[in-house]
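Student: Pasting a structure below so you can have a look.
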Amino acid sequence: MRDTILLTGSTGVIGRALFPMLAERRDVEQVYALVRGGGENPSLAKVTSVSGDIVAGNRIGLNTHWLEEIAERVTLIIHAAADTRFSAPLSELRAVNVEGTRNVLNFARRCPRLRGIVCLSTVHVAGKRTGAIEEEIVEHSAGFVNSYEQSKYESELLLREGMRDLPICVVRLSTVLGDSRSGEVAKLAAIHQGLRLYYHSLAPMIPGAPSSPVDLVASDFAAAAIAHLAISNFTAGSVYHVCGGRDTLALADLLEMTREAFVLHRPAWRKRSIASPTVVDLATFELFARSVDEVGDNLLRHSVNVIRHFAPQLAYPKTYEDAGCRHVLASMGNERPRVADFYPKVVRWLVESGWADRNLMAPVEAVAS
Amino acid sequence: MGHPSQPPVGVTAIEYVLGAETVSVEELENRGLLETPAGRLQEFGFHCVHLSQEPAHELGLRAARKLLEAASVDPESVDAIFYVGATPHGHAISIDDPRSAFNYPVAHLQYELELTRAITAGISQLGCAGLMTAVSMARNFLIANESATRVLCVSSDVFPAGSRREMIYNVISDGACALLVEKGAEKNRILDYRQVTKGYYWDLTTKENEIAAAYFPTARAIMQDTLRDCGIDWSSVGLILPHNVSLRSWEILLGLIGAPAEKLFAANIARFGHAIAADNFINLRDAEGSGRVQPSDKLLLFTFGFGANWACMLLEH
């Protein structure tokens with residue numbers, strides 16, 4: 001049986017990489033790409049863009065025609081839509097990430113042919129936990145670095161409830177950096193903004209330890225993994241970590257690789273003699289951030305806030321276990337790209353794309369879906 | 001780091017004068033001379049500043065005269081005078097007549113103090129790092145000249161009347177500091193001096209944010225490199241003699257370098273704030289006077305000057 005798929009979040013970082021991949025598969029009959037506000041996806045055979053919005057109730061904003069057609073035909077839902085703003089108020093993030101997910105689940109209950117729902121999440125639901133993070137949904141009271149993490153955590157608790165009557169699989173992504181082959185970044189996220197601040201000498205310090213592991217994943221691999229987990233190996237009730245796992249970079253090494261890539265791809269940058277951000281304990285970073293909040297001007301305050309909204313994760317070192325995911329992906333045939341190989345390509349792409357010249361005051365979005 | 005075969009050179013005497021008028025930060029706010037609210041600057045450790053009606057060269061002359069008298073220095077024994085001023089107007093006495101641009105304070109000083117054997121030079125464009133650089137250059141001069149024994153270094157900075165008294169969240173005093181750098185010194189021997197200049201940050205008017213951000217990582221690096229160069233760590237440092245920028249920024253920097261707060265001589269931040277290039281050596285003078293320094297203590301001096309210059313000196317008391 002070939003799958004008919006409803007994809008939410010098709011214009012996001014992962015969605016953009018995912019829907020062409022889905023459309024190419026022989027075991028996919030059709031893809032309905034839910035698009036908010038009448039937006040369009042690039043025209044592809046088997047892909048139908050439909051107007052909808054996951055926050056618009058249990059009909060997820062579909063008109064009656066599409067509601068009936070999709071509900072009747074869909075066999076898989078890939079729920080990738082999310083509000084990924086780190087700095088947004090929790091109430092706004094919950095509206096999309098928790099209530100929007102609830103609406104998608106309620107819509108799924110209308111679908112008689114449905115065999116699975118793949119919900120994208122983030123490894124950062126672990127919040128301030130440290131150590132080994134397993135591929136399972138667990139309640140914790142460690143707290144969170146930002147409201148985005150909390151909203152996705154709450155969303156996962158909702159999914160765990162939903163697993164009682166729905167075939168749900170959760171795929172947690174770590175920080176999605178860019179394409180492993182070309183280095184292309186579909187959408188600039190917090191980590192890319194952080195790198196840009198370093199490039200411009202506006203990133204004086206990062207909380208953590210030099211040895212803090214930084215988990216990054218390539219966008220093309222992440223999309224292929226999601227497609228495989230959804231279509232070829234769907235297992236209801238499972239949780240997978242699509243991440244670097246044991247293949248991480250230490251923070252100090254990542255900063256050094258960044259400096260080397262800046263110098264290599266923009267030789268004139270060397271003469272600025274910009275120092276690498278200092279890795280500091282969280283208390284010192286917070287004191288600095290508070291001081292900038294109190295007296296800094298807008299640009300410096302914004303710069304520090306970009307770092308403040310995601311980098312404190314590095315002060316809570318953890319390793320994401322991914323044995324379950326690797327086991328399933330072994331049949332996929334794609335080797336996970338090594339971060340030391342694709343990271344310099346992404347930095348090169350950023351430098352050559354003119355990313356340094358874009359608006360430094362852009363809002364901060366998540367690194368994962 | 002100095003070579004073992006080189007004669008020891010150190011700072012043997014220090015005197016200073018501050019502007020005569022003591023003004024609280026609240027009063028500065030009332031006079032419209034601050035950008036940040038006074039309350040916030042008080043939280044950052046600033047209470048008072050000293051304003052001078054005297055021009056910089058007069059303040060410098062008073063500091064130097066005080067030093068020569070206190071140390072009973074024979075004027076004929078001074079081999080060189082290095083005069084430090086952070087701003088261009090500090091290097092000329094009166095600028096109404098174009099020719100007065102050549103009326104150098106250091107020559108005036110030499111004449112007034114009857115230092116007839118001393119050669120002179122002005123040191124500028126180093127911001128608040130000027131005096132530390134001058135001390136280092138004095139050391140190099142003494143090592144290079146076998147017969148030379150004594151250099152007088154004088155820094156003096158007075159902001160024009162009515163000038164704003166805040167720079168990147170720091171409150172500025174007018175002040176002058178004079179010190180003797182001597183060959184064969186028994187105290188405050190210079191063990192090491194490092195300076196890092198990053199010309200990328202030359203334009204304060206467009207790079208203030210970048211300077212504020214760049215300050216910390218480079219400050220940390222230069223201090224750690226200085227200690228490493230001397231084969232010691234923070235546990236061997238008796239006292240940190242700061243430039244008197246905000247106490248808050250020093251708290252952050254102490255966190256970065258992993259040094260305990262009690263090693264910072266911070267008393268003068270509240271008393272007069274930031275006296276441009278003079279801070280570190282005024283603090284050395286007052287630390288000695290207050291008994292905070294013991295013989296053979298290692299003293300670490302750090303400053304940052306626009307330009308952009310990070311400077312660090314290690315002394316052995």
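Identifiers for the structure tokens are assigned positionally: chains receive A, B, ... in sequence, residues are indexed from 1 per chain, and ligands are indexed from 1 in the order shown.
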Using DSSP assignments from the backbone, pull out every residue in stretch 18-161 of chain A that falls under alpha helix (DSSP H) and give it to me as a PDB file with C-alpha atoms, in the first residue's frame.

Tutor:
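This went into result.pdb:
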```pdb
ATOM      1  CA  LEU A  18      11.317  16.718   3.730  1.00  0.00           C
ATOM      2  CA  PHE A  19       8.516  17.186   1.245  1.00  0.00           C
ATOM      3  CA  PRO A  20      10.619  16.863  -1.943  1.00  0.00           C
ATOM      4  CA  MET A  21      12.084  13.722  -0.408  1.00  0.00           C
ATOM      5  CA  LEU A  22       8.612  12.353   0.272  1.00  0.00           C
ATOM      6  CA  ALA A  23       7.434  13.254  -3.220  1.00  0.00           C
ATOM      7  CA  GLU A  24      10.285  11.282  -4.779  1.00  0.00           C
ATOM      8  CA  THR A  64     -14.961  21.152   4.265  1.00  0.00           C
ATOM      9  CA  HIS A  65     -13.747  19.875   0.913  1.00  0.00           C
ATOM     10  CA  TRP A  66     -10.171  19.327   2.018  1.00  0.00           C
ATOM     11  CA  LEU A  67     -11.202  18.149   5.457  1.00  0.00           C
ATOM     12  CA  GLU A  68     -13.281  15.336   4.003  1.00  0.00           C
ATOM     13  CA  GLU A  69     -10.801  14.386   1.290  1.00  0.00           C
ATOM     14  CA  ILE A  70      -7.733  14.350   3.482  1.00  0.00           C
ATOM     15  CA  ALA A  71      -9.439  12.669   6.426  1.00  0.00           C
ATOM     16  CA  GLU A  72     -10.706   9.980   4.115  1.00  0.00           C
ATOM     17  CA  ARG A  73      -7.434   9.316   2.306  1.00  0.00           C
ATOM     18  CA  LEU A  90       5.264  30.712  26.850  1.00  0.00           C
ATOM     19  CA  SER A  91       1.559  31.350  26.232  1.00  0.00           C
ATOM     20  CA  GLU A  92       2.176  32.016  22.531  1.00  0.00           C
ATOM     21  CA  LEU A  93       4.402  28.973  22.181  1.00  0.00           C
ATOM     22  CA  ARG A  94       1.860  26.761  23.933  1.00  0.00           C
ATOM     23  CA  THR A 101      -0.579  19.478  18.426  1.00  0.00           C
ATOM     24  CA  ARG A 102      -3.801  18.666  20.278  1.00  0.00           C
ATOM     25  CA  ASN A 103      -5.723  19.805  17.207  1.00  0.00           C
ATOM     26  CA  VAL A 104      -3.637  17.618  14.926  1.00  0.00           C
ATOM     27  CA  LEU A 105      -4.305  14.609  17.161  1.00  0.00           C
ATOM     28  CA  ASN A 106      -8.018  15.344  17.155  1.00  0.00           C
ATOM     29  CA  PHE A 107      -7.947  15.630  13.390  1.00  0.00           C
ATOM     30  CA  ALA A 108      -6.122  12.288  13.258  1.00  0.00           C
ATOM     31  CA  SER A 147      10.065  28.650  26.864  1.00  0.00           C
ATOM     32  CA  TYR A 148      10.353  26.871  23.538  1.00  0.00           C
ATOM     33  CA  GLU A 149      11.862  23.842  25.277  1.00  0.00           C
ATOM     34  CA  GLN A 150       9.106  23.879  27.857  1.00  0.00           C
ATOM     35  CA  SER A 151       6.331  24.095  25.266  1.00  0.00           C
ATOM     36  CA  LYS A 152       7.759  21.151  23.312  1.00  0.00           C
ATOM     37  CA  TYR A 153       8.112  19.185  26.557  1.00  0.00           C
ATOM     38  CA  GLU A 154       4.473  19.829  27.349  1.00  0.00           C
ATOM     39  CA  SER A 155       3.610  18.828  23.807  1.00  0.00           C
ATOM     40  CA  GLU A 156       5.370  15.504  24.328  1.00  0.00           C
ATOM     41  CA  LEU A 157       3.375  14.843  27.494  1.00  0.00           C
ATOM     42  CA  LEU A 158       0.271  15.379  25.398  1.00  0.00           C
ATOM     43  CA  LEU A 159       1.592  12.948  22.795  1.00  0.00           C
ATOM     44  CA  ARG A 160       2.215  10.376  25.476  1.00  0.00           C
ATOM     45  CA  GLU A 161      -1.449  10.663  26.431  1.00  0.00           C
TER      46      GLU A 161
END
```

Student: If you take only C-alpha atoms and a cut-off of 12 Å, which residues of chain B touch chain A, and what are their nearest atom pairs and distances in Å to one decimal, in chain and number order, as CSV?

Tutor:
```
residue,atom,partner,partner_atom,distance
B:Glu35,CA,A:Val295,CA,9.7
B:Thr36,CA,A:Val295,CA,7.1
B:Pro37,CA,A:Val295,CA,9.3
B:Ala38,CA,A:Val295,CA,11.7
B:Gly39,CA,A:Glu294,CA,11.4
B:Arg40,CA,A:Glu294,CA,8.0
B:Leu41,CA,A:Val295,CA,9.5
B:Glu43,CA,A:Ser291,CA,10.4
B:Phe44,CA,A:Ser291,CA,9.2
B:Met167,CA,A:Val295,CA,11.9
B:Ile168,CA,A:Gly296,CA,8.8
B:Tyr169,CA,A:Val295,CA,7.3
B:Asn170,CA,A:Val295,CA,11.0
B:Val196,CA,A:Ser273,CA,10.1
B:Thr197,CA,A:Ser273,CA,9.2
B:Lys198,CA,A:Ser273,CA,6.4
B:Gly199,CA,A:Arg272,CA,7.3
B:Tyr200,CA,A:Arg272,CA,5.0
B:Tyr201,CA,A:Arg272,CA,8.1
B:Trp202,CA,A:Arg272,CA,10.6
B:Thr206,CA,A:Leu299,CA,11.9
B:Lys207,CA,A:Ser201,CA,9.6
B:Glu208,CA,A:Leu300,CA,9.4
B:Asn209,CA,A:Leu300,CA,5.8
B:Glu210,CA,A:Leu202,CA,5.5
B:Ile211,CA,A:Ser201,CA,8.1
B:Ala212,CA,A:Leu300,CA,8.5
B:Ala213,CA,A:Pro204,CA,4.9
B:Ala214,CA,A:Pro204,CA,5.9
B:Tyr215,CA,A:Pro204,CA,7.8
B:Phe216,CA,A:Pro204,CA,6.4
B:Pro217,CA,A:Thr278,CA,5.4
B:Thr218,CA,A:Ala275,CA,6.4
B:Ala219,CA,A:Ala275,CA,10.1
B:Arg220,CA,A:Thr278,CA,8.3
B:Ala221,CA,A:Ala275,CA,8.9
B:Ile222,CA,A:Ala275,CA,11.2
B:Ser246,CA,A:Ser291,CA,10.7
B:Leu247,CA,A:Ser291,CA,11.2
B:Arg248,CA,A:Ser291,CA,7.6
B:Ser249,CA,A:Phe288,CA,7.8
B:Trp250,CA,A:Phe288,CA,10.4
B:Glu251,CA,A:Thr284,CA,8.1
B:Ile252,CA,A:Thr284,CA,5.7
B:Leu253,CA,A:Thr284,CA,8.4
B:Leu254,CA,A:Thr284,CA,8.8
B:Gly255,CA,A:Thr284,CA,5.5
B:Leu256,CA,A:Val280,CA,6.0
B:Ile257,CA,A:Val280,CA,9.1
B:Gly258,CA,A:Val280,CA,9.6
B:Ala308,CA,A:Ser273,CA,11.3
```

Student: Find, counting only C-alpha atoms, the residue in A:Asp83, A:Glu135, A:Glu29, A:Asp357 that gets nearest to A:Cys325.

Tutor: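 Nearest to A:Cys325: A:Glu135.
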
Student: Counting only C-alpha atoms, which residue out of A:Gly237, A:Gly131, A:Gly178, A:Gly52 sits closest to A:Gly116?

Tutor: A:Gly237

Student: Of the residues B:Trp234, B:Tyr193, B:Phe46, B:Tyr16, which is the one nearest to B:Cys153, using only C-alpha atoms?

Tutor: B:Tyr16

Student: Please identify all polymer residues within 12 Å of A:Met257, counting only C-alpha atoms, omitting same-chain residues fewer than 4 positions from it, and present them as a list in words.

Tutor: Leu195, Leu249, Ala250, Leu251, Ala252, Asp253, Ala261, Phe262, Val263, Leu264, Ser276, Val339, Ala340, Asp341, Phe342, Tyr343, Pro344, Lys345, Val346, Val347 and Arg348 of chain A

Student: DSSP on the backbone, strand (DSSP E) only: what residues of stretch 15-253 of chain A does that give? Format it as a ChimeraX atom specification.

Tutor: /A:28-35,47-51,76-79,116-122,131-133,168-173,175-176,205-207,213-214,216-217,239-242,249-250

Student: Between atom CA of B:Ser173 and atom CA of B:Phe272, measure the distance and give it in Å to one decimal.

Tutor: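 Between these atoms lies a distance of 6.2 Å.
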
Student: Applying 10 Å and only C-alpha atoms, which residues near B:Pro55 remain after dropping the ones on its own chain fewer than 5 positions away? List them as a ChimeraX atom specification.

Tutor: /B:19,60,89-90,93-94,156-161,174

Student: Hey, can you spit out that residue selection with C-alpha atoms as a PDB file, in the first residue's frame?

Tutor:
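What follows is the written file part.pdb:
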```pdb
ATOM      1  CA  GLY B  19      41.062  67.235  40.530  1.00  0.00           C
ATOM      2  CA  GLY B  60      50.894  66.669  35.938  1.00  0.00           C
ATOM      3  CA  HIS B  89      44.605  68.231  23.710  1.00  0.00           C
ATOM      4  CA  GLY B  90      46.623  66.823  26.605  1.00  0.00           C
ATOM      5  CA  ILE B  93      49.550  73.765  26.252  1.00  0.00           C
ATOM      6  CA  SER B  94      46.921  76.145  24.894  1.00  0.00           C
ATOM      7  CA  SER B 156      47.823  63.583  33.295  1.00  0.00           C
ATOM      8  CA  ASP B 157      44.325  63.757  31.895  1.00  0.00           C
ATOM      9  CA  VAL B 158      41.780  66.506  32.379  1.00  0.00           C
ATOM     10  CA  PHE B 159      38.555  66.515  30.434  1.00  0.00           C
ATOM     11  CA  PRO B 160      37.463  69.902  29.070  1.00  0.00           C
ATOM     12  CA  ALA B 161      35.047  71.764  31.366  1.00  0.00           C
ATOM     13  CA  ASP B 174      40.594  64.171  36.248  1.00  0.00           C
TER      14      ASP B 174
END
```

Student: Could you pull the residues within 10 Å of B:His47, counting only C-alpha atoms, minus those fewer than 5 positions along the same chain, as a count of residues only?

Tutor: 15

Student: Can you tell me, as a count of residues only, what residues are no more than 12 Å from B:Phe281 when counting only C-alpha atoms, ignoring any on the same chain fewer than 5 positions away?

Tutor: 44

Student: Can you work out the spacing between atom CA of B:Ala138 and atom CA of B:Leu61 in Å, to one decimal?

Tutor: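 About the pair atom CA of B:Ala138 and atom CA of B:Leu61: they are 18.8 Å apart.
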
Student: When distances are computed from only C-alpha atoms, which of B:Thr133, B:Ser163, B:Ser296, B:Asn140 shows the smallest separation from B:Ala311?

Tutor: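 Closest candidate: B:Thr133.
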
Student: Closest to B:Arg117 among B:Ala80, B:Ala259, B:Leu28, B:Ala71, using only C-alpha atoms?

Tutor: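 Using only C-alpha atoms, B:Arg117 sits closest to B:Ala80.
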